[in-house]
Amino acid sequence: MRFRRKRLPPELAAPHEAFGGVLAEVEPAKAALTEVMPTTRMPGRPFPDALLEFEERLGRATELMPLWRVPALSAEWDACAAGLTEARDRARRFREEAPDLGGFEGLIWAVEQLLDPLEPFAAAESRFGELRRRPR
């Protein structure tokens, strides 16, 4: 017995691909921030450098957002758009105000503050999965 993978309805194929393009910016943005955490072998990436990459990638992700906006995913799209705006605003404040993060705990706090608004992308990815149907 062969199992076939569920497919998205045809009207969601292009939005799903566009969503993948947005994720191709969001995921490396998140990774850039996590690289600031020191390890036993590496001191960690400088926070200002990671913040710059984070902002640039989220800017590109924001530009790509309209390409996946469809009625079936309007709630998820709105949450992702709001999350991008909030994450970019927080990054701008970190850059402009340059708070003293102290040590390791401050760095963890800063990274969490910047990444938390991007959580809706996981829900959107799940929603695309829910919208898949079995091929005929």
# chains A, B, ... in the order shown; residues from 1 in each chain; ligands from 1
>>> residues_around(residues="stretch 127-133 of chain A", least_positions_apart="2", cutoff="10 Å", atoms="only C-alpha atoms", output="ChimeraX atom specification")
/A:5-9,12-13,15-16,19,72-73,76,121-125,135-136
>>> select_by_dssp(residues="stretch 34-136 of chain A", states="alpha helix (DSSP H)", output="ChimeraX atom specification")
/A:34,47-64,74-97,104-115,120-130
>>> closest_residue(among="A:Ala61, A:Ala14, A:Leu23, A:Ala50", to="A:Val36", atoms="only C-alpha atoms")
A:Ala50
>>> atom_distance(atom1="atom CA of A:Gly102", atom2="atom CA of A:Glu53")
21.7 Å
>>> residues_around(residues="A:Pro120", least_positions_apart="3", cutoff="10 Å", atoms="only C-alpha atoms", output="list in words")
Ala75, Glu76, Trp77, Asp78, Ala79, Cys80, Ala81, Ala82, Gly83, Leu84, Asp116, Pro117, Ala123, Ala124, Glu125 and Ser126 of chain A
>>> closest_residue(among="A:Pro28, A:Pro10, A:Gly20, A:Pro38", to="A:Leu115", atoms="only C-alpha atoms")
A:Pro28
>>> residues_around(residues="A:Arg88", least_positions_apart="5", cutoff="10 Å", atoms="only C-alpha atoms", output="list in words")
Leu51, Phe54, Glu55, Glu56, Arg57, Leu58, Gly59, Thr62, Ala82, Gly83, Arg93, Phe94, Leu114 and Pro117 of chain A
>>> atom_distance(atom1="atom CA of A:Leu33", atom2="atom CA of A:Phe104")
13.6 Å
>>> atom_distance(atom1="atom CA of A:Gly21", atom2="atom CA of A:Pro71")
18.9 Å
